[in-house]
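Chemist: Mind looking over this structure? Questions follow.
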Amino acid sequence: MTDRDGLYLLISPKGGIAFKYDYRFNGRRESVTLGTYGPAGLSLAKAREKVIDAKRMIAEGVSPALEKQRAKRRLQQARSFEHVAQRWIDHAPMADSTRNMRRSIFNREILPQWRNRLLNEITPNDLRAHCKTIVERGAPATAVHVRDIVKQIYAYAILHGEKIDNPADGVGPASIATFRPRDRSLSPTEIRIALNLLGEVATLPTIRLGLKFILLSMVRKSELQDGVWDEVDFANAVWSIPKERMKRSRPHNVYLSTQMLDILIALKTCAGNSRYILPSRYDADAPMSRATFNRVTSAIAERAGERDLPLEPFTVHDLRRTASTLLHEMGFNSDWIEKCLAHEERSSRGVYNKAEFEAQRRHMAQEWSNAVDAWEAGRAFTPVLVIPETAGPRFDPRL
């Protein structure tokens, strides 16, 4: 049944009704199906509008029939979000600990939401709305990580040839949540207050010891929480953490001061037969809960606030920053401090400098522990910056 301008209705023997449009393009006759007729399909008025659109394409040198085939082919070849995301999380370069954290967030927060979406079906509004629901349940940091993960997934897809927009570009992190600057370090006065209040907080003695051990040793929270006794050499006063548990996948030695050894001996006594330095309260074959230390630092800050003491809220990670800041202010060598923090310099100097600084770090660890003890007792402390001559390494060609 013909209409006008090349538009007609084609009725098949099986009852199918479709609007088609015939036209000439570059001297050849072409035909394109505009859609089916019916309540769920096209009306005659809509079909006539599509003819006008097709004529505009022809005037611009584009074949409506070929363009429709191309669009169908693009849809068939479009990658699913899940497919590309899994490739990114498995193969993109990142630290193992970062990969594990992102995989956890992806599997819990992102994959269930968009498992069946194509890459081009996720919009900035979709991402913004999803992050908003996460913030509203009280997890703003997770929401910011979700946005960051989605941004990197799309950047990975674009790098590997996908012609798509990155929805995360339209969602700024500040529009999701804002945080305090990550530059908190405690003063000697705050250390005294925190350690004194630590003894009053309702928690296990092992948790109190563990928190102080983090301050003295400068290890990351996860490194202590997953630590096992097989890594600790009491005879040589060293805790050797294997590369599999380190953020940068390089083995790390923690040289133990007298105070750190005393804490580990106490923890070993409490651990019983558990292989973990800090076992779970309810299961000796599992490490302690990830949230335990955070609850303790929050309780310390709350108690300080109740007593109007000069101690601002702090996190467990702030204890590492505190040690680094105060050791630098004392005048200790930056290379020694960075080695204690398991930071690796990425410059050419870092590539060639493989020194472990064992003697220097042992001396600094003892001075740092002595300083913390003095501050806890309310005393001033003057560190000895130069290691004793007998403690230094010997460079004798006859040895």
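By convention here, the chains of the structure tokens are called A, B, ... in the order presented, each chain's residues are numbered starting at 1, and ligands are numbered starting at 1 in the order presented.
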Write out as an NGL selection string all residues of segment 187-358 of chain A that DSSP puts in strand (DSSP E or B) for this structure's backbone.
Modeler: :A and (228 or 232-233 or 238-241 or 252-255 or 276 or 279 or 287)
Chemist: Kindly save the residues from that selection, with N, CA, C and O atoms included, as a PDB file, in the first residue's frame.
Modeler:
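Dumped to again.pdb:
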ATOM      1  N   VAL A 228      52.124 -13.468  60.569  1.00  0.00           N
ATOM      2  CA  VAL A 228      52.178 -14.784  61.214  1.00  0.00           C
ATOM      3  C   VAL A 228      53.507 -14.931  61.939  1.00  0.00           C
ATOM      4  O   VAL A 228      54.502 -14.278  61.612  1.00  0.00           O
ATOM      5  N   VAL A 232      58.585 -13.941  62.183  1.00  0.00           N
ATOM      6  CA  VAL A 232      59.298 -13.220  63.244  1.00  0.00           C
ATOM      7  C   VAL A 232      60.508 -14.024  63.708  1.00  0.00           C
ATOM      8  O   VAL A 232      60.382 -15.185  64.098  1.00  0.00           O
ATOM      9  N   ASP A 233      61.670 -13.391  63.652  1.00  0.00           N
ATOM     10  CA  ASP A 233      62.915 -13.996  64.131  1.00  0.00           C
ATOM     11  C   ASP A 233      63.306 -13.278  65.420  1.00  0.00           C
ATOM     12  O   ASP A 233      63.910 -12.198  65.394  1.00  0.00           O
ATOM     13  N   VAL A 238      64.219  -9.346  64.085  1.00  0.00           N
ATOM     14  CA  VAL A 238      63.768  -8.878  62.784  1.00  0.00           C
ATOM     15  C   VAL A 238      62.469  -9.606  62.414  1.00  0.00           C
ATOM     16  O   VAL A 238      62.305 -10.794  62.680  1.00  0.00           O
ATOM     17  N   TRP A 239      61.567  -8.859  61.839  1.00  0.00           N
ATOM     18  CA  TRP A 239      60.314  -9.421  61.314  1.00  0.00           C
ATOM     19  C   TRP A 239      60.383  -9.275  59.800  1.00  0.00           C
ATOM     20  O   TRP A 239      60.425  -8.172  59.278  1.00  0.00           O
ATOM     21  N   SER A 240      60.409 -10.399  59.089  1.00  0.00           N
ATOM     22  CA  SER A 240      60.563 -10.406  57.627  1.00  0.00           C
ATOM     23  C   SER A 240      59.206 -10.655  56.976  1.00  0.00           C
ATOM     24  O   SER A 240      58.672 -11.762  57.051  1.00  0.00           O
ATOM     25  N   ILE A 241      58.663  -9.628  56.333  1.00  0.00           N
ATOM     26  CA  ILE A 241      57.358  -9.740  55.693  1.00  0.00           C
ATOM     27  C   ILE A 241      57.570 -10.111  54.231  1.00  0.00           C
ATOM     28  O   ILE A 241      58.276  -9.403  53.506  1.00  0.00           O
ATOM     29  N   HIS A 252      60.032  -7.101  52.885  1.00  0.00           N
ATOM     30  CA  HIS A 252      60.361  -5.972  53.759  1.00  0.00           C
ATOM     31  C   HIS A 252      60.765  -6.478  55.133  1.00  0.00           C
ATOM     32  O   HIS A 252      60.092  -7.342  55.708  1.00  0.00           O
ATOM     33  N   ASN A 253      61.872  -5.955  55.637  1.00  0.00           N
ATOM     34  CA  ASN A 253      62.333  -6.287  56.988  1.00  0.00           C
ATOM     35  C   ASN A 253      61.976  -5.169  57.959  1.00  0.00           C
ATOM     36  O   ASN A 253      62.203  -3.999  57.671  1.00  0.00           O
ATOM     37  N   VAL A 254      61.412  -5.568  59.097  1.00  0.00           N
ATOM     38  CA  VAL A 254      61.158  -4.626  60.187  1.00  0.00           C
ATOM     39  C   VAL A 254      62.149  -4.958  61.293  1.00  0.00           C
ATOM     40  O   VAL A 254      62.074  -6.038  61.889  1.00  0.00           O
ATOM     41  N   TYR A 255      63.100  -4.054  61.547  1.00  0.00           N
ATOM     42  CA  TYR A 255      64.098  -4.284  62.587  1.00  0.00           C
ATOM     43  C   TYR A 255      63.508  -3.856  63.930  1.00  0.00           C
ATOM     44  O   TYR A 255      63.005  -2.745  64.071  1.00  0.00           O
ATOM     45  N   TYR A 276      48.726 -16.732  63.801  1.00  0.00           N
ATOM     46  CA  TYR A 276      48.643 -15.293  63.568  1.00  0.00           C
ATOM     47  C   TYR A 276      49.173 -14.500  64.760  1.00  0.00           C
ATOM     48  O   TYR A 276      48.958 -14.868  65.915  1.00  0.00           O
ATOM     49  N   PRO A 279      45.430 -13.008  66.351  1.00  0.00           N
ATOM     50  CA  PRO A 279      44.326 -13.865  65.911  1.00  0.00           C
ATOM     51  C   PRO A 279      42.967 -13.273  66.254  1.00  0.00           C
ATOM     52  O   PRO A 279      42.847 -12.385  67.112  1.00  0.00           O
ATOM     53  N   PRO A 287      42.751 -14.261  61.207  1.00  0.00           N
ATOM     54  CA  PRO A 287      43.285 -13.000  61.757  1.00  0.00           C
ATOM     55  C   PRO A 287      42.166 -12.155  62.354  1.00  0.00           C
ATOM     56  O   PRO A 287      40.983 -12.395  62.112  1.00  0.00           O
TER      57      PRO A 287
END
Chemist: Excluding Arg307 of chain A and any residue of its chain fewer than 5 positions from it, enumerate the residues within 12 Å of it, using only C-alpha atoms, and give them as an mmCIF file with N, CA and C atoms, in the first residue's frame.
Modeler:
data_model
loop_
_atom_site.group_PDB
_atom_site.id
_atom_site.type_symbol
_atom_site.label_atom_id
_atom_site.label_comp_id
_atom_site.auth_asym_id
_atom_site.auth_seq_id
_atom_site.Cartn_x
_atom_site.Cartn_y
_atom_site.Cartn_z
ATOM 1 N N ILE A 193 48.651 11.849 74.889
ATOM 2 C CA ILE A 193 47.226 11.757 75.218
ATOM 3 C C ILE A 193 46.628 10.460 74.671
ATOM 4 N N LEU A 197 45.063 7.443 76.907
ATOM 5 C CA LEU A 197 43.646 7.078 76.771
ATOM 6 C C LEU A 197 43.473 5.663 76.249
ATOM 7 N N ILE A 300 39.188 6.483 71.181
ATOM 8 C CA ILE A 300 40.179 7.360 71.812
ATOM 9 C C ILE A 300 39.833 8.825 71.538
ATOM 10 N N ALA A 301 39.521 9.133 70.271
ATOM 11 C CA ALA A 301 39.188 10.513 69.910
ATOM 12 C C ALA A 301 37.914 10.982 70.620
ATOM 13 N N GLU A 302 36.930 10.101 70.738
ATOM 14 C CA GLU A 302 35.686 10.464 71.424
ATOM 15 C C GLU A 302 35.951 10.768 72.903
#
Chemist: Excluding Leu224 of chain A and any residue of its chain fewer than 6 positions from it, enumerate the residues within 9 Å of it, using only C-alpha atoms, and give them as a ChimeraX atom specification.
Modeler: /A:210,213-214,277-278
Chemist: Keeping only C-alpha atoms, write the selected residues to a file as a PDB file, in the first residue's frame.
Modeler:
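File written: selection.pdb
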ATOM      1  CA  GLY A 210      48.972  -3.975  68.447  1.00  0.00           C
ATOM      2  CA  PHE A 213      53.267  -1.660  67.794  1.00  0.00           C
ATOM      3  CA  ILE A 214      52.007  -0.013  64.562  1.00  0.00           C
ATOM      4  CA  ILE A 277      50.330 -12.488  65.499  1.00  0.00           C
ATOM      5  CA  LEU A 278      46.866 -11.041  66.170  1.00  0.00           C
TER       6      LEU A 278
END
Chemist: When you look at segment 103-106 of chain A with a cut-off of 9 Å (counting only C-alpha atoms), what residues show up, excluding the ones that are within fewer than 5 positions of it in the same chain? I need them as a PDB file with N, CA and C atoms, in the first residue's frame.
Modeler:
ATOM      1  N   ALA A  85      35.237  -4.982  32.003  1.00  0.00           N
ATOM      2  CA  ALA A  85      35.614  -4.746  33.395  1.00  0.00           C
ATOM      3  C   ALA A  85      36.450  -5.899  33.946  1.00  0.00           C
ATOM      4  N   ILE A  89      40.295  -5.604  35.426  1.00  0.00           N
ATOM      5  CA  ILE A  89      40.661  -5.952  36.800  1.00  0.00           C
ATOM      6  C   ILE A  89      41.667  -7.090  36.845  1.00  0.00           C
ATOM      7  N   ASP A  90      41.706  -7.918  35.782  1.00  0.00           N
ATOM      8  CA  ASP A  90      42.661  -9.036  35.740  1.00  0.00           C
ATOM      9  C   ASP A  90      44.021  -8.627  35.183  1.00  0.00           C
ATOM     10  N   THR A  98      45.923  -3.326  46.017  1.00  0.00           N
ATOM     11  CA  THR A  98      44.951  -2.452  45.359  1.00  0.00           C
ATOM     12  C   THR A  98      44.002  -3.264  44.493  1.00  0.00           C
ATOM     13  N   LEU A 111      29.300  -4.807  39.745  1.00  0.00           N
ATOM     14  CA  LEU A 111      28.875  -5.885  38.853  1.00  0.00           C
ATOM     15  C   LEU A 111      27.387  -6.205  38.972  1.00  0.00           C
ATOM     16  N   PRO A 112      26.829  -6.345  40.185  1.00  0.00           N
ATOM     17  CA  PRO A 112      25.379  -6.632  40.258  1.00  0.00           C
ATOM     18  C   PRO A 112      24.518  -5.538  39.629  1.00  0.00           C
ATOM     19  N   THR A 142      33.498   4.350  49.782  1.00  0.00           N
ATOM     20  CA  THR A 142      33.217   3.295  48.804  1.00  0.00           C
ATOM     21  C   THR A 142      32.625   3.893  47.540  1.00  0.00           C
ATOM     22  N   HIS A 145      35.308   5.323  45.427  1.00  0.00           N
ATOM     23  CA  HIS A 145      36.058   4.239  44.780  1.00  0.00           C
ATOM     24  C   HIS A 145      35.275   3.662  43.603  1.00  0.00           C
ATOM     25  N   VAL A 146      33.952   3.540  43.741  1.00  0.00           N
ATOM     26  CA  VAL A 146      33.128   3.034  42.642  1.00  0.00           C
ATOM     27  C   VAL A 146      33.288   3.928  41.418  1.00  0.00           C
ATOM     28  N   ILE A 149      36.759   3.383  39.899  1.00  0.00           N
ATOM     29  CA  ILE A 149      36.875   2.095  39.199  1.00  0.00           C
ATOM     30  C   ILE A 149      36.186   2.159  37.847  1.00  0.00           C
ATOM     31  N   VAL A 150      34.973   2.726  37.796  1.00  0.00           N
ATOM     32  CA  VAL A 150      34.255   2.853  36.530  1.00  0.00           C
ATOM     33  C   VAL A 150      35.053   3.723  35.558  1.00  0.00           C
TER      34      VAL A 150
END
Chemist: Tell me, as a PyMOL selection string, which residues lie within 7 Å of segment 121-125 of chain A, counting only C-alpha atoms; anything in the same chain fewer than 2 positions away does not count.
Modeler: chain A and resi 117-119+127-129+167-168+170-171
Chemist: Any chance you could export the current selection's all heavy atoms as a PDB file, in the first residue's frame?
Modeler:
ATOM      1  N   ARG A 117      24.612  -4.780  31.155  1.00  0.00           N
ATOM      2  CA  ARG A 117      24.645  -3.572  30.323  1.00  0.00           C
ATOM      3  C   ARG A 117      25.789  -3.649  29.307  1.00  0.00           C
ATOM      4  O   ARG A 117      26.848  -4.235  29.571  1.00  0.00           O
ATOM      5  CB  ARG A 117      24.848  -2.331  31.185  1.00  0.00           C
ATOM      6  CG  ARG A 117      23.738  -2.048  32.177  1.00  0.00           C
ATOM      7  CD  ARG A 117      22.619  -1.244  31.568  1.00  0.00           C
ATOM      8  NE  ARG A 117      21.719  -0.769  32.609  1.00  0.00           N
ATOM      9  CZ  ARG A 117      21.728   0.467  33.096  1.00  0.00           C
ATOM     10  NH1 ARG A 117      22.580   1.349  32.614  1.00  0.00           N
ATOM     11  NH2 ARG A 117      20.880   0.826  34.032  1.00  0.00           N
ATOM     12  N   LEU A 118      25.570  -2.995  28.160  1.00  0.00           N
ATOM     13  CA  LEU A 118      26.666  -2.750  27.233  1.00  0.00           C
ATOM     14  C   LEU A 118      27.412  -1.506  27.690  1.00  0.00           C
ATOM     15  O   LEU A 118      26.875  -0.679  28.434  1.00  0.00           O
ATOM     16  CB  LEU A 118      26.142  -2.556  25.815  1.00  0.00           C
ATOM     17  CG  LEU A 118      25.402  -3.751  25.198  1.00  0.00           C
ATOM     18  CD1 LEU A 118      24.904  -3.387  23.803  1.00  0.00           C
ATOM     19  CD2 LEU A 118      26.290  -4.981  25.140  1.00  0.00           C
ATOM     20  N   LEU A 119      28.629  -1.353  27.217  1.00  0.00           N
ATOM     21  CA  LEU A 119      29.438  -0.202  27.629  1.00  0.00           C
ATOM     22  C   LEU A 119      28.740   1.118  27.319  1.00  0.00           C
ATOM     23  O   LEU A 119      28.793   2.066  28.101  1.00  0.00           O
ATOM     24  CB  LEU A 119      30.797  -0.235  26.927  1.00  0.00           C
ATOM     25  CG  LEU A 119      31.856  -1.175  27.517  1.00  0.00           C
ATOM     26  CD1 LEU A 119      33.048  -1.242  26.585  1.00  0.00           C
ATOM     27  CD2 LEU A 119      32.287  -0.727  28.905  1.00  0.00           C
ATOM     28  N   LEU A 127      25.651   6.500  36.845  1.00  0.00           N
ATOM     29  CA  LEU A 127      26.755   6.400  37.801  1.00  0.00           C
ATOM     30  C   LEU A 127      26.513   7.304  39.003  1.00  0.00           C
ATOM     31  O   LEU A 127      26.721   6.902  40.158  1.00  0.00           O
ATOM     32  CB  LEU A 127      28.072   6.769  37.108  1.00  0.00           C
ATOM     33  CG  LEU A 127      29.324   6.776  37.972  1.00  0.00           C
ATOM     34  CD1 LEU A 127      29.552   5.414  38.623  1.00  0.00           C
ATOM     35  CD2 LEU A 127      30.547   7.185  37.148  1.00  0.00           C
ATOM     36  N   ARG A 128      26.054   8.522  38.746  1.00  0.00           N
ATOM     37  CA  ARG A 128      25.818   9.466  39.839  1.00  0.00           C
ATOM     38  C   ARG A 128      24.734   8.948  40.789  1.00  0.00           C
ATOM     39  O   ARG A 128      24.878   9.016  42.011  1.00  0.00           O
ATOM     40  CB  ARG A 128      25.416  10.824  39.262  1.00  0.00           C
ATOM     41  CG  ARG A 128      25.337  11.929  40.308  1.00  0.00           C
ATOM     42  CD  ARG A 128      24.953  13.253  39.684  1.00  0.00           C
ATOM     43  NE  ARG A 128      25.989  13.755  38.779  1.00  0.00           N
ATOM     44  CZ  ARG A 128      25.893  13.736  37.458  1.00  0.00           C
ATOM     45  NH1 ARG A 128      24.809  13.244  36.878  1.00  0.00           N
ATOM     46  NH2 ARG A 128      26.869  14.204  36.713  1.00  0.00           N
ATOM     47  N   ALA A 129      23.661   8.395  40.216  1.00  0.00           N
ATOM     48  CA  ALA A 129      22.569   7.879  41.044  1.00  0.00           C
ATOM     49  C   ALA A 129      23.022   6.684  41.874  1.00  0.00           C
ATOM     50  O   ALA A 129      22.654   6.547  43.047  1.00  0.00           O
ATOM     51  CB  ALA A 129      21.386   7.487  40.155  1.00  0.00           C
ATOM     52  N   PRO A 167      31.594   7.683  31.136  1.00  0.00           N
ATOM     53  CA  PRO A 167      30.555   8.314  31.958  1.00  0.00           C
ATOM     54  C   PRO A 167      31.095   8.957  33.226  1.00  0.00           C
ATOM     55  O   PRO A 167      30.503   9.894  33.756  1.00  0.00           O
ATOM     56  CB  PRO A 167      29.609   7.149  32.285  1.00  0.00           C
ATOM     57  CG  PRO A 167      30.440   5.920  32.126  1.00  0.00           C
ATOM     58  CD  PRO A 167      31.406   6.217  31.032  1.00  0.00           C
ATOM     59  N   ALA A 168      32.236   8.467  33.716  1.00  0.00           N
ATOM     60  CA  ALA A 168      32.793   9.022  34.953  1.00  0.00           C
ATOM     61  C   ALA A 168      33.343  10.420  34.759  1.00  0.00           C
ATOM     62  O   ALA A 168      33.517  11.158  35.733  1.00  0.00           O
ATOM     63  CB  ALA A 168      33.881   8.094  35.500  1.00  0.00           C
ATOM     64  N   GLY A 170      31.811  12.842  33.609  1.00  0.00           N
ATOM     65  CA  GLY A 170      30.764  13.779  33.969  1.00  0.00           C
ATOM     66  C   GLY A 170      30.352  13.720  35.424  1.00  0.00           C
ATOM     67  O   GLY A 170      29.371  14.359  35.816  1.00  0.00           O
ATOM     68  N   VAL A 171      31.107  12.954  36.223  1.00  0.00           N
ATOM     69  CA  VAL A 171      30.785  12.809  37.657  1.00  0.00           C
ATOM     70  C   VAL A 171      32.058  13.107  38.453  1.00  0.00           C
ATOM     71  O   VAL A 171      32.927  12.241  38.581  1.00  0.00           O
ATOM     72  CB  VAL A 171      30.264  11.397  37.989  1.00  0.00           C
ATOM     73  CG1 VAL A 171      29.856  11.314  39.460  1.00  0.00           C
ATOM     74  CG2 VAL A 171      29.101  11.021  37.089  1.00  0.00           C
TER      75      VAL A 171
END
Chemist: Find the spatial neighbours of segment 217-223 of chain A, counting only C-alpha atoms, within a cut-off of 9 Å - ignore same-chain residues fewer than 5 positions away - and output them as number ranges by chain.
Modeler: A: 211-212, 241, 245-247, 254-257, 260, 290, 293, 316-317, 319-324, 340-342, 365, 369
Chemist: I'd like the contact shell of segment 49-54 of chain A - 12 Å cut-off, only C-alpha atoms, skipping same-chain residues fewer than 5 positions apart - returned as a PDB file with C-alpha atoms, in the first residue's frame.
Modeler:
ATOM      1  CA  ASP A   3       1.684   6.454   0.689  1.00  0.00           C
ATOM      2  CA  ARG A   4       3.883   9.217  -0.793  1.00  0.00           C
ATOM      3  CA  ASP A   5       7.508  10.245  -1.367  1.00  0.00           C
ATOM      4  CA  GLY A   6       8.527   6.594  -1.782  1.00  0.00           C
ATOM      5  CA  LEU A   7       6.941   5.477   1.502  1.00  0.00           C
ATOM      6  CA  TYR A   8       4.749   2.379   1.434  1.00  0.00           C
ATOM      7  CA  PHE A  19       6.813   0.683   6.667  1.00  0.00           C
ATOM      8  CA  LYS A  20       9.432   0.735   3.899  1.00  0.00           C
ATOM      9  CA  TYR A  21      11.029   3.532   1.938  1.00  0.00           C
ATOM     10  CA  ASP A  22      12.426   3.251  -1.602  1.00  0.00           C
ATOM     11  CA  TYR A  23      14.898   5.814  -2.946  1.00  0.00           C
ATOM     12  CA  ARG A  24      17.816   6.230  -5.325  1.00  0.00           C
ATOM     13  CA  PHE A  25      21.368   6.704  -4.023  1.00  0.00           C
ATOM     14  CA  GLU A  30      17.843   1.120  -2.386  1.00  0.00           C
ATOM     15  CA  SER A  31      15.172   0.216   0.140  1.00  0.00           C
ATOM     16  CA  VAL A  32      15.145   0.574   3.923  1.00  0.00           C
ATOM     17  CA  THR A  33      12.663  -0.729   6.504  1.00  0.00           C
ATOM     18  CA  LEU A  34      11.629   2.086   8.825  1.00  0.00           C
ATOM     19  CA  GLY A  35       9.756  -0.018  11.377  1.00  0.00           C
ATOM     20  CA  LEU A  42       5.230   3.229  14.153  1.00  0.00           C
ATOM     21  CA  SER A  43       2.228   5.356  13.285  1.00  0.00           C
ATOM     22  CA  LEU A  44       1.883   6.749   9.793  1.00  0.00           C
ATOM     23  CA  ALA A  59      21.348  14.859   0.847  1.00  0.00           C
ATOM     24  CA  GLU A  60      24.408  14.579   3.113  1.00  0.00           C
ATOM     25  CA  GLY A  61      25.761  11.637   1.117  1.00  0.00           C
ATOM     26  CA  VAL A  62      24.838   8.902   3.572  1.00  0.00           C
ATOM     27  CA  SER A  63      22.895   5.807   2.555  1.00  0.00           C
ATOM     28  CA  PRO A  64      20.017   5.173   5.055  1.00  0.00           C
ATOM     29  CA  ALA A  65      20.056   1.426   4.307  1.00  0.00           C
ATOM     30  CA  LEU A  66      23.820   1.060   4.771  1.00  0.00           C
ATOM     31  CA  GLU A  67      23.768   3.227   7.897  1.00  0.00           C
ATOM     32  CA  LYS A  68      21.070   1.013   9.414  1.00  0.00           C
TER      33      LYS A  68
END
Chemist: Just how far from atom CA of Leu209 of chain A is atom CA of Pro188 of chain A, in Å to one decimal?
Modeler: 18.7 Å
Chemist: Pick out the closest residue to Gly378 of chain A from this set: A:Leu198, A:Ala235, A:Cys270, A:Ile191. Count only C-alpha atoms.
Modeler: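 Among the listed residues, the smallest separation from Gly378 of chain A belongs to A:Ile191.
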